[in-house]
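Here the structure is laid out as structure tokens; the discussion comes afterwards.
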Number of protein chains: 2
Amino acid sequence: MEKKCEKHSREFRQQLRHKGLKATKGRLGILNIFAREAKPLSIKQLQNRIGPSGPDTATLYRNAESLTAEGLLVKVNLGGKNSSYELAGRAHHHHLICKNCRKISDVTISIRPALNLQALKSAKDFAAVTGHSLEFFGFCKKCQN
Amino acid sequence: MEKKCEKHSREFRQQLRHKGLKATKGRLGILNIFAREAKPLSIKQLQNRIGPSGPDTATLYRNAESLTAEGLLVKVNLGGKNSSYELAGRAHHHHLICKNCRKISDVTISIRPALNLQALKSAKDFAAVTGHSLEFFGFCKKCQN
DNA sequence: ATCTAAATGCGAATTATTTGCAAATATATT
DNA sequence: AATATATTTGCAAATAATTCGCATTTAGAT
């Protein structure tokens, strides 16, 4: 497990350098957290995982932004009042959120490629559809009542 | 146009009463704004439309919440850092947002009914999928460059 | 080892949203 | 129409979420 972390770190270090971002301790820490937990995390959650020795809140925000801009993270839109992020590079997927306990499961949608096309056809004043945000809401088995 | 507004107001008044909410001047004003402008509006945008004589900010937030809870408004998730709302009761639709100028167009997706089902099948630890949020991003014709 | 642009910490500033409470008011009741 | 009462509102202040400015530090190039 120590090894796995280091393997990740090495990869992350390369990716960061490749994108022109410095491979700081803080950034590697952030990326490792996301690698360990394949779920969207808010800045606050990220901060809790990293602990008080980690980067300052402002730095976390700045890094979430720069890492997202460079495509190492993706911003996820879970409907709460704060943004969440997760590691990019995983297969394209969506989320299903329990409206009661906020548990999140990954979801894959086979008909997904057709969506952007349909959207573009449906809005005549648009020239391109570059992406979408699709999140599902419901109840997990524990919370069905 | 005066008449249309008043017709709306009468309907809204009934709906509010039916839901057990008082038909206050503020609420009718809010609903009329949303009726006039069939686009998602943030609290701040709503406030600008209503002007300084309208309800207090706190009241706008409270009403957005209560009207959403009772199903007269729907909360929309456009990825910004603040929530938007629009009038419920219109045909189910999604939005396409221009990443440059933030223009919003309505979008309808024919394969939509299949989505929730696919999501449920895809997440084995969930008992039900009750809804989803689907928004598209791209560039409008004016902003394609 | 040195240099430099990029990144960080810290505190303060914004922005977004919520809360407590007294005053106002929409409706049901008389 | 006047009254009673539970809801709603305004206001001010609290909290949460995010951003900014700037002096200091540091990763990576030389």
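If you're wondering about the labels, chains in the structure tokens are A, B, ... by order shown, residues count from 1 in each chain, ligands from 1 in order shown.
Residue-level DSSP output for region 46-108 of chain A, from the backbone, shows helix (DSSP H, G or I) at Leu46, Gln47, Asn48, Arg49, Ile50, Thr57, Ala58, Thr59, Leu60, Tyr61, Arg62, Asn63, Ala64, Glu65, Ser66, Leu67, Thr68 and Ala69 of chain A.
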Could you dump the residues just selected with N, CA, C and O atoms as a PDB file, in the first residue's frame?
ATOM      1  N   LEU A  46     -12.242  17.288   1.524  1.00  0.00           N
ATOM      2  CA  LEU A  46     -10.839  17.118   1.174  1.00  0.00           C
ATOM      3  C   LEU A  46      -9.959  17.565   2.335  1.00  0.00           C
ATOM      4  O   LEU A  46      -9.027  16.884   2.749  1.00  0.00           O
ATOM      5  N   GLN A  47     -10.298  18.714   2.867  1.00  0.00           N
ATOM      6  CA  GLN A  47      -9.544  19.290   3.971  1.00  0.00           C
ATOM      7  C   GLN A  47      -9.550  18.367   5.191  1.00  0.00           C
ATOM      8  O   GLN A  47      -8.521  18.175   5.837  1.00  0.00           O
ATOM      9  N   ASN A  48     -10.711  17.796   5.477  1.00  0.00           N
ATOM     10  CA  ASN A  48     -10.799  16.868   6.601  1.00  0.00           C
ATOM     11  C   ASN A  48      -9.915  15.651   6.377  1.00  0.00           C
ATOM     12  O   ASN A  48      -9.239  15.193   7.307  1.00  0.00           O
ATOM     13  N   ARG A  49      -9.914  15.138   5.151  1.00  0.00           N
ATOM     14  CA  ARG A  49      -9.083  13.969   4.853  1.00  0.00           C
ATOM     15  C   ARG A  49      -7.606  14.310   5.017  1.00  0.00           C
ATOM     16  O   ARG A  49      -6.828  13.519   5.526  1.00  0.00           O
ATOM     17  N   ILE A  50      -7.217  15.471   4.540  1.00  0.00           N
ATOM     18  CA  ILE A  50      -5.810  15.845   4.565  1.00  0.00           C
ATOM     19  C   ILE A  50      -5.326  16.176   5.964  1.00  0.00           C
ATOM     20  O   ILE A  50      -4.182  15.934   6.318  1.00  0.00           O
ATOM     21  N   THR A  57      -6.699  26.522   3.339  1.00  0.00           N
ATOM     22  CA  THR A  57      -7.961  26.478   2.600  1.00  0.00           C
ATOM     23  C   THR A  57      -7.861  27.183   1.254  1.00  0.00           C
ATOM     24  O   THR A  57      -8.304  26.665   0.229  1.00  0.00           O
ATOM     25  N   ALA A  58      -7.269  28.368   1.264  1.00  0.00           N
ATOM     26  CA  ALA A  58      -7.158  29.122   0.010  1.00  0.00           C
ATOM     27  C   ALA A  58      -6.370  28.333  -1.017  1.00  0.00           C
ATOM     28  O   ALA A  58      -6.720  28.307  -2.198  1.00  0.00           O
ATOM     29  N   THR A  59      -5.337  27.660  -0.554  1.00  0.00           N
ATOM     30  CA  THR A  59      -4.528  26.854  -1.461  1.00  0.00           C
ATOM     31  C   THR A  59      -5.330  25.682  -2.009  1.00  0.00           C
ATOM     32  O   THR A  59      -5.223  25.334  -3.183  1.00  0.00           O
ATOM     33  N   LEU A  60      -6.148  25.100  -1.164  1.00  0.00           N
ATOM     34  CA  LEU A  60      -6.983  23.996  -1.645  1.00  0.00           C
ATOM     35  C   LEU A  60      -7.905  24.480  -2.757  1.00  0.00           C
ATOM     36  O   LEU A  60      -8.044  23.821  -3.785  1.00  0.00           O
ATOM     37  N   TYR A  61      -8.524  25.629  -2.543  1.00  0.00           N
ATOM     38  CA  TYR A  61      -9.391  26.175  -3.586  1.00  0.00           C
ATOM     39  C   TYR A  61      -8.595  26.434  -4.860  1.00  0.00           C
ATOM     40  O   TYR A  61      -9.010  26.095  -5.962  1.00  0.00           O
ATOM     41  N   ARG A  62      -7.440  27.076  -4.688  1.00  0.00           N
ATOM     42  CA  ARG A  62      -6.649  27.396  -5.870  1.00  0.00           C
ATOM     43  C   ARG A  62      -6.220  26.138  -6.598  1.00  0.00           C
ATOM     44  O   ARG A  62      -6.256  26.059  -7.824  1.00  0.00           O
ATOM     45  N   ASN A  63      -5.838  25.110  -5.843  1.00  0.00           N
ATOM     46  CA  ASN A  63      -5.396  23.889  -6.493  1.00  0.00           C
ATOM     47  C   ASN A  63      -6.553  23.140  -7.145  1.00  0.00           C
ATOM     48  O   ASN A  63      -6.400  22.594  -8.233  1.00  0.00           O
ATOM     49  N   ALA A  64      -7.678  23.118  -6.464  1.00  0.00           N
ATOM     50  CA  ALA A  64      -8.832  22.453  -7.074  1.00  0.00           C
ATOM     51  C   ALA A  64      -9.091  23.089  -8.433  1.00  0.00           C
ATOM     52  O   ALA A  64      -9.335  22.404  -9.429  1.00  0.00           O
ATOM     53  N   GLU A  65      -8.973  24.391  -8.482  1.00  0.00           N
ATOM     54  CA  GLU A  65      -9.217  25.099  -9.734  1.00  0.00           C
ATOM     55  C   GLU A  65      -8.151  24.808 -10.780  1.00  0.00           C
ATOM     56  O   GLU A  65      -8.458  24.470 -11.924  1.00  0.00           O
ATOM     57  N   SER A  66      -6.882  24.909 -10.383  1.00  0.00           N
ATOM     58  CA  SER A  66      -5.835  24.729 -11.390  1.00  0.00           C
ATOM     59  C   SER A  66      -5.779  23.270 -11.852  1.00  0.00           C
ATOM     60  O   SER A  66      -5.592  22.995 -13.035  1.00  0.00           O
ATOM     61  N   LEU A  67      -5.963  22.348 -10.925  1.00  0.00           N
ATOM     62  CA  LEU A  67      -5.940  20.938 -11.321  1.00  0.00           C
ATOM     63  C   LEU A  67      -7.127  20.611 -12.227  1.00  0.00           C
ATOM     64  O   LEU A  67      -7.014  19.783 -13.132  1.00  0.00           O
ATOM     65  N   THR A  68      -8.233  21.282 -11.989  1.00  0.00           N
ATOM     66  CA  THR A  68      -9.383  21.079 -12.866  1.00  0.00           C
ATOM     67  C   THR A  68      -9.128  21.699 -14.227  1.00  0.00           C
ATOM     68  O   THR A  68      -9.422  21.100 -15.268  1.00  0.00           O
ATOM     69  N   ALA A  69      -8.538  22.894 -14.225  1.00  0.00           N
ATOM     70  CA  ALA A  69      -8.255  23.568 -15.486  1.00  0.00           C
ATOM     71  C   ALA A  69      -7.317  22.728 -16.344  1.00  0.00           C
ATOM     72  O   ALA A  69      -7.447  22.685 -17.565  1.00  0.00           O
TER      73      ALA A  69
END
**Q.** Nearby residues (only C-alpha atoms (C1' of nucleotides)) at most 12 Å from Lys141 (chain B), same-chain spacing under 4 positions excluded, as a VMD selection string
**A.** (chain A and resid 120 123 to 129) or (chain B and resid 97 to 101 103 105 145)
Please, could you write that set of residues out with all heavy atoms as a compact mmCIF listing (two decimals), in the first residue's frame?
# COMPACT_ATOMS: atom_id res chain seq x y z
N LEU A 120 -27.92 19.40 -28.95
CA LEU A 120 -27.56 20.37 -29.97
C LEU A 120 -28.70 20.55 -30.98
O LEU A 120 -29.06 21.68 -31.34
CB LEU A 120 -26.29 19.91 -30.70
CG LEU A 120 -25.77 20.87 -31.77
CD1 LEU A 120 -25.52 22.25 -31.17
CD2 LEU A 120 -24.49 20.34 -32.40
N ALA A 123 -31.57 22.77 -29.58
CA ALA A 123 -31.38 24.21 -29.34
C ALA A 123 -30.79 24.85 -30.59
O ALA A 123 -29.59 24.77 -30.83
CB ALA A 123 -30.48 24.44 -28.14
N LYS A 124 -31.62 25.49 -31.35
CA LYS A 124 -31.20 25.97 -32.68
C LYS A 124 -30.22 27.14 -32.61
O LYS A 124 -29.53 27.40 -33.58
CB LYS A 124 -32.41 26.33 -33.53
CG LYS A 124 -33.40 27.25 -32.85
CD LYS A 124 -34.45 26.47 -32.03
CE LYS A 124 -35.24 27.34 -31.06
NZ LYS A 124 -34.87 27.12 -29.64
N ASP A 125 -30.14 27.82 -31.50
CA ASP A 125 -29.24 28.97 -31.44
C ASP A 125 -27.88 28.63 -30.86
O ASP A 125 -27.13 29.51 -30.47
CB ASP A 125 -29.91 30.10 -30.66
CG ASP A 125 -30.49 29.60 -29.37
OD1 ASP A 125 -30.52 28.37 -29.16
OD2 ASP A 125 -30.92 30.42 -28.54
N PHE A 126 -27.57 27.35 -30.79
CA PHE A 126 -26.26 26.94 -30.29
C PHE A 126 -25.45 26.30 -31.40
O PHE A 126 -25.97 25.61 -32.26
CB PHE A 126 -26.40 25.97 -29.11
CG PHE A 126 -26.45 26.69 -27.78
CD1 PHE A 126 -27.56 27.45 -27.45
CD2 PHE A 126 -25.39 26.63 -26.90
CE1 PHE A 126 -27.60 28.14 -26.24
CE2 PHE A 126 -25.43 27.31 -25.70
CZ PHE A 126 -26.53 28.06 -25.36
N ALA A 127 -24.12 26.52 -31.33
CA ALA A 127 -23.23 26.02 -32.36
C ALA A 127 -22.56 24.71 -31.96
O ALA A 127 -22.16 23.92 -32.80
CB ALA A 127 -22.16 27.06 -32.68
N ALA A 128 -22.42 24.50 -30.65
CA ALA A 128 -21.72 23.30 -30.21
C ALA A 128 -22.14 22.90 -28.80
O ALA A 128 -22.46 23.76 -27.98
CB ALA A 128 -20.21 23.53 -30.23
N VAL A 129 -22.14 21.62 -28.56
CA VAL A 129 -22.35 21.10 -27.20
C VAL A 129 -21.09 20.35 -26.84
O VAL A 129 -20.72 19.38 -27.50
CB VAL A 129 -23.56 20.16 -27.13
CG1 VAL A 129 -23.69 19.57 -25.74
CG2 VAL A 129 -24.84 20.91 -27.49
N ILE B 97 -26.17 25.59 -21.66
CA ILE B 97 -25.61 26.86 -21.19
C ILE B 97 -24.35 27.19 -21.99
O ILE B 97 -23.44 26.36 -22.11
CB ILE B 97 -25.24 26.77 -19.69
CG1 ILE B 97 -26.49 26.48 -18.87
CG2 ILE B 97 -24.60 28.06 -19.22
CD1 ILE B 97 -26.52 25.11 -18.26
N CYS B 98 -24.30 28.40 -22.50
CA CYS B 98 -23.12 28.85 -23.24
C CYS B 98 -21.99 29.12 -22.25
O CYS B 98 -22.15 29.92 -21.33
CB CYS B 98 -23.41 30.11 -24.05
SG CYS B 98 -21.93 30.72 -24.90
N LYS B 99 -20.86 28.46 -22.45
CA LYS B 99 -19.76 28.59 -21.51
C LYS B 99 -19.13 29.96 -21.60
O LYS B 99 -18.36 30.36 -20.72
CB LYS B 99 -18.70 27.52 -21.78
CG LYS B 99 -19.18 26.12 -21.43
CD LYS B 99 -18.04 25.16 -21.18
CE LYS B 99 -17.45 24.61 -22.44
NZ LYS B 99 -16.45 23.54 -22.17
N ASN B 100 -19.43 30.70 -22.65
CA ASN B 100 -18.86 32.03 -22.76
C ASN B 100 -19.80 33.10 -22.20
O ASN B 100 -19.43 33.83 -21.29
CB ASN B 100 -18.52 32.32 -24.22
CG ASN B 100 -17.82 33.65 -24.37
OD1 ASN B 100 -18.29 34.55 -25.03
ND2 ASN B 100 -16.67 33.78 -23.72
N CYS B 101 -21.01 33.19 -22.73
CA CYS B 101 -21.89 34.30 -22.33
C CYS B 101 -22.98 33.88 -21.35
O CYS B 101 -23.78 34.69 -20.94
CB CYS B 101 -22.52 34.95 -23.55
SG CYS B 101 -23.76 33.93 -24.37
N LYS B 103 -25.60 32.33 -21.78
CA LYS B 103 -26.94 32.23 -22.35
C LYS B 103 -27.50 30.82 -22.11
O LYS B 103 -26.77 29.84 -22.18
CB LYS B 103 -26.86 32.51 -23.86
CG LYS B 103 -28.15 32.27 -24.64
CD LYS B 103 -27.84 32.38 -26.15
CE LYS B 103 -29.03 31.99 -27.00
NZ LYS B 103 -30.08 33.01 -27.01
N SER B 105 -30.48 27.98 -23.15
CA SER B 105 -31.58 27.54 -23.99
C SER B 105 -32.20 26.27 -23.43
O SER B 105 -31.51 25.46 -22.82
CB SER B 105 -31.10 27.25 -25.42
OG SER B 105 -30.98 28.43 -26.16
N ASN B 145 -16.05 30.56 -31.55
CA ASN B 145 -14.90 31.26 -32.14
C ASN B 145 -13.65 30.40 -32.16
O ASN B 145 -13.72 29.23 -32.40
CB ASN B 145 -14.61 32.54 -31.38
CG ASN B 145 -14.57 32.31 -29.88
OD1 ASN B 145 -14.28 31.19 -29.44
ND2 ASN B 145 -14.86 33.32 -29.12
Give me the residues near His18 (chain B) as a compact mmCIF listing (two decimals) with C-alpha atoms, in the first residue's frame, where near means some atom within 12 Å (using only C-alpha atoms (C1' of nucleotides)) and where sequence neighbours in that chain fewer than 6 positions away do not count.
# COMPACT_ATOMS: atom_id res chain seq x y z
CA GLU B 11 -53.84 30.84 -10.66
CA PHE B 12 -50.88 31.28 -8.39
CA GLU B 70 -44.34 22.62 -2.46
CA GLY B 71 -43.54 22.03 -6.09
CA LEU B 72 -44.32 25.45 -7.52
**Q.** Long-range neighbours of region 11-24 of chain C as JSON, numbers by chain, 8 Å cut-off, only C-alpha atoms (C1' of nucleotides), 4 positions minimum in chain
**A.** {"B": [61, 82], "D": [9, 14, 15, 16, 17, 18, 19, 20]}
Would you mind listing, for every residue of chain B within 9 Å of chain A, the two atoms forming the shortest contact and the distance between them in Å to one decimal, using only C-alpha atoms, sorted by chain and ascending residue number, as JSON lines?
{"residue": "B:Lys75", "atom": "CA", "partner": "A:Gly79", "partner_atom": "CA", "distance": 8.9}
{"residue": "B:Val76", "atom": "CA", "partner": "A:Gly79", "partner_atom": "CA", "distance": 8.3}
{"residue": "B:Asn77", "atom": "CA", "partner": "A:Gly79", "partner_atom": "CA", "distance": 6.0}
{"residue": "B:Leu78", "atom": "CA", "partner": "A:Asn77", "partner_atom": "CA", "distance": 8.3}
{"residue": "B:Gly79", "atom": "CA", "partner": "A:Asn77", "partner_atom": "CA", "distance": 6.1}
{"residue": "B:Gly80", "atom": "CA", "partner": "A:Ser83", "partner_atom": "CA", "distance": 8.8}
{"residue": "B:Lys81", "atom": "CA", "partner": "A:Asn82", "partner_atom": "CA", "distance": 7.0}
{"residue": "B:Asn82", "atom": "CA", "partner": "A:Lys81", "partner_atom": "CA", "distance": 7.0}
{"residue": "B:Ser83", "atom": "CA", "partner": "A:Lys81", "partner_atom": "CA", "distance": 7.5}
{"residue": "B:His94", "atom": "CA", "partner": "A:Ala119", "partner_atom": "CA", "distance": 8.7}
{"residue": "B:His95", "atom": "CA", "partner": "A:Ala119", "partner_atom": "CA", "distance": 8.4}
{"residue": "B:Leu96", "atom": "CA", "partner": "A:Ala119", "partner_atom": "CA", "distance": 7.3}
{"residue": "B:Ile97", "atom": "CA", "partner": "A:Val129", "partner_atom": "CA", "distance": 8.9}
{"residue": "B:Cys98", "atom": "CA", "partner": "A:Phe126", "partner_atom": "CA", "distance": 8.0}
{"residue": "B:Ser105", "atom": "CA", "partner": "A:Ala123", "partner_atom": "CA", "distance": 6.3}
{"residue": "B:Asp106", "atom": "CA", "partner": "A:Ala123", "partner_atom": "CA", "distance": 6.7}
{"residue": "B:Val107", "atom": "CA", "partner": "A:Ser122", "partner_atom": "CA", "distance": 5.5}
{"residue": "B:Thr108", "atom": "CA", "partner": "A:Ser122", "partner_atom": "CA", "distance": 6.3}
{"residue": "B:Ile109", "atom": "CA", "partner": "A:Gln118", "partner_atom": "CA", "distance": 6.3}
{"residue": "B:Ser110", "atom": "CA", "partner": "A:Gln118", "partner_atom": "CA", "distance": 8.0}
{"residue": "B:Ile111", "atom": "CA", "partner": "A:Leu115", "partner_atom": "CA", "distance": 8.3}
{"residue": "B:Ala114", "atom": "CA", "partner": "A:Ile111", "partner_atom": "CA", "distance": 8.9}
{"residue": "B:Leu115", "atom": "CA", "partner": "A:Ile109", "partner_atom": "CA", "distance": 7.3}
{"residue": "B:Asn116", "atom": "CA", "partner": "A:Phe136", "partner_atom": "CA", "distance": 7.3}
{"residue": "B:Gln118", "atom": "CA", "partner": "A:Ile109", "partner_atom": "CA", "distance": 6.3}
{"residue": "B:Ala119", "atom": "CA", "partner": "A:Val107", "partner_atom": "CA", "distance": 5.7}
{"residue": "B:Leu120", "atom": "CA", "partner": "A:Val107", "partner_atom": "CA", "distance": 8.1}
{"residue": "B:Lys121", "atom": "CA", "partner": "A:Val107", "partner_atom": "CA", "distance": 8.7}
{"residue": "B:Ser122", "atom": "CA", "partner": "A:Val107", "partner_atom": "CA", "distance": 5.5}
{"residue": "B:Ala123", "atom": "CA", "partner": "A:Val107", "partner_atom": "CA", "distance": 6.1}
{"residue": "B:Lys124", "atom": "CA", "partner": "A:Lys141", "partner_atom": "CA", "distance": 8.8}
{"residue": "B:Asp125", "atom": "CA", "partner": "A:Lys141", "partner_atom": "CA", "distance": 5.8}
{"residue": "B:Phe126", "atom": "CA", "partner": "A:Cys140", "partner_atom": "CA", "distance": 3.8}
{"residue": "B:Ala127", "atom": "CA", "partner": "A:Lys141", "partner_atom": "CA", "distance": 4.8}
{"residue": "B:Ala128", "atom": "CA", "partner": "A:Phe139", "partner_atom": "CA", "distance": 5.3}
{"residue": "B:Val129", "atom": "CA", "partner": "A:Gly138", "partner_atom": "CA", "distance": 4.1}
{"residue": "B:Thr130", "atom": "CA", "partner": "A:Gly138", "partner_atom": "CA", "distance": 4.8}
{"residue": "B:Gly131", "atom": "CA", "partner": "A:Phe137", "partner_atom": "CA", "distance": 5.3}
{"residue": "B:His132", "atom": "CA", "partner": "A:Phe136", "partner_atom": "CA", "distance": 4.1}
{"residue": "B:Ser133", "atom": "CA", "partner": "A:Glu135", "partner_atom": "CA", "distance": 5.3}
{"residue": "B:Leu134", "atom": "CA", "partner": "A:Leu134", "partner_atom": "CA", "distance": 4.4}
{"residue": "B:Glu135", "atom": "CA", "partner": "A:Ser133", "partner_atom": "CA", "distance": 5.3}
{"residue": "B:Phe136", "atom": "CA", "partner": "A:His132", "partner_atom": "CA", "distance": 4.1}
{"residue": "B:Phe137", "atom": "CA", "partner": "A:Gly131", "partner_atom": "CA", "distance": 5.3}
{"residue": "B:Gly138", "atom": "CA", "partner": "A:Val129", "partner_atom": "CA", "distance": 4.1}
{"residue": "B:Phe139", "atom": "CA", "partner": "A:Ala128", "partner_atom": "CA", "distance": 5.3}
{"residue": "B:Cys140", "atom": "CA", "partner": "A:Phe126", "partner_atom": "CA", "distance": 3.8}
{"residue": "B:Lys141", "atom": "CA", "partner": "A:Ala127", "partner_atom": "CA", "distance": 4.8}
{"residue": "B:Lys142", "atom": "CA", "partner": "A:Phe126", "partner_atom": "CA", "distance": 8.2}
{"residue": "B:Cys143", "atom": "CA", "partner": "A:Ala127", "partner_atom": "CA", "distance": 8.4}
{"residue": "B:Gln144", "atom": "CA", "partner": "A:Ala127", "partner_atom": "CA", "distance": 6.4}
Q | Interface, chain C side, toward chain A (9 Å; only C-alpha atoms (C1' of nucleotides)) as a ChimeraX atom specification | A | /C:6-10,16
May I have the selected residues written with N, CA, C and O atoms (P, O5', C5', C4', C3', O3' and C1' of nucleotides), as a short mmCIF file (atom, residue, chain, number, x, y, z; two decimals), in the first residue's frame?
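Saved result, selection.cif, follows:
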data_model
loop_
_atom_site.label_atom_id
_atom_site.label_comp_id
_atom_site.auth_asym_id
_atom_site.auth_seq_id
_atom_site.Cartn_x
_atom_site.Cartn_y
_atom_site.Cartn_z
P DA C 6 5.30 31.67 -14.21
"O5'" DA C 6 5.00 30.70 -12.99
"C5'" DA C 6 5.62 29.43 -12.96
"C4'" DA C 6 5.28 28.76 -11.65
"C3'" DA C 6 3.80 28.76 -11.30
"O3'" DA C 6 3.50 27.45 -10.84
"C1'" DA C 6 5.03 29.72 -9.54
P DA C 7 2.10 27.07 -10.27
"O5'" DA C 7 2.34 27.17 -8.71
"C5'" DA C 7 3.33 26.35 -8.11
"C4'" DA C 7 3.27 26.50 -6.61
"C3'" DA C 7 1.87 26.40 -6.01
"O3'" DA C 7 1.95 25.46 -4.94
"C1'" DA C 7 2.93 28.38 -5.30
P DT C 8 0.72 25.22 -4.00
"O5'" DT C 8 1.08 26.12 -2.76
"C5'" DT C 8 2.23 25.80 -1.98
"C4'" DT C 8 2.31 26.76 -0.81
"C3'" DT C 8 1.06 26.78 0.06
"O3'" DT C 8 1.43 26.37 1.37
"C1'" DT C 8 1.80 28.98 -0.48
P DG C 9 0.35 26.08 2.45
"O5'" DG C 9 0.43 27.41 3.33
"C5'" DG C 9 1.67 27.80 3.88
"C4'" DG C 9 1.50 29.10 4.64
"C3'" DG C 9 0.29 29.15 5.58
"O3'" DG C 9 0.74 29.80 6.76
"C1'" DG C 9 0.15 30.91 4.00
P DC C 10 -0.07 29.70 8.11
"O5'" DC C 10 -0.67 31.17 8.23
"C5'" DC C 10 0.21 32.31 8.07
"C4'" DC C 10 -0.63 33.54 7.81
"C3'" DC C 10 -1.99 33.54 8.52
"O3'" DC C 10 -2.07 34.68 9.35
"C1'" DC C 10 -2.21 34.20 6.27
P DA C 16 -22.76 35.81 -4.98
"O5'" DA C 16 -23.11 34.77 -3.85
"C5'" DA C 16 -22.40 33.55 -3.77
"C4'" DA C 16 -23.05 32.68 -2.72
"C3'" DA C 16 -24.58 32.66 -2.80
"O3'" DA C 16 -24.99 31.30 -2.74
"C1'" DA C 16 -23.87 33.26 -0.62
#
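Closest to chain D among B:Lys44, B:Arg27, B:Arg102, B:Arg90 is B:Arg27, based on only C-alpha atoms (C1' of nucleotides).
The space separating CA of Leu31 (chain A) from CA of Arg13 (chain A) comes to 9.8 Å.
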Q.
as a PyMOL selection string, please: every residue in chain A that a backbone DSSP assignment puts in strand (DSSP E).
A. chain A and resi 41-42+73-76+84-87+94-98+104-107+126-140
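If we count only C-alpha atoms (C1' of nucleotides), these residues of chain D sit within 8 Å of chain B: DT7, DT8, DT9 and DG10 of chain D.
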Q. Could you work out how far CA of Glu86 (chain A) lies from CA of Ala35 (chain A), giving the answer in Å with one decimal?
A. 8.5 Å
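The gap separating CA of Lys39 (chain B) from CA of His93 (chain A) is 27.8 Å, in Å to one decimal.
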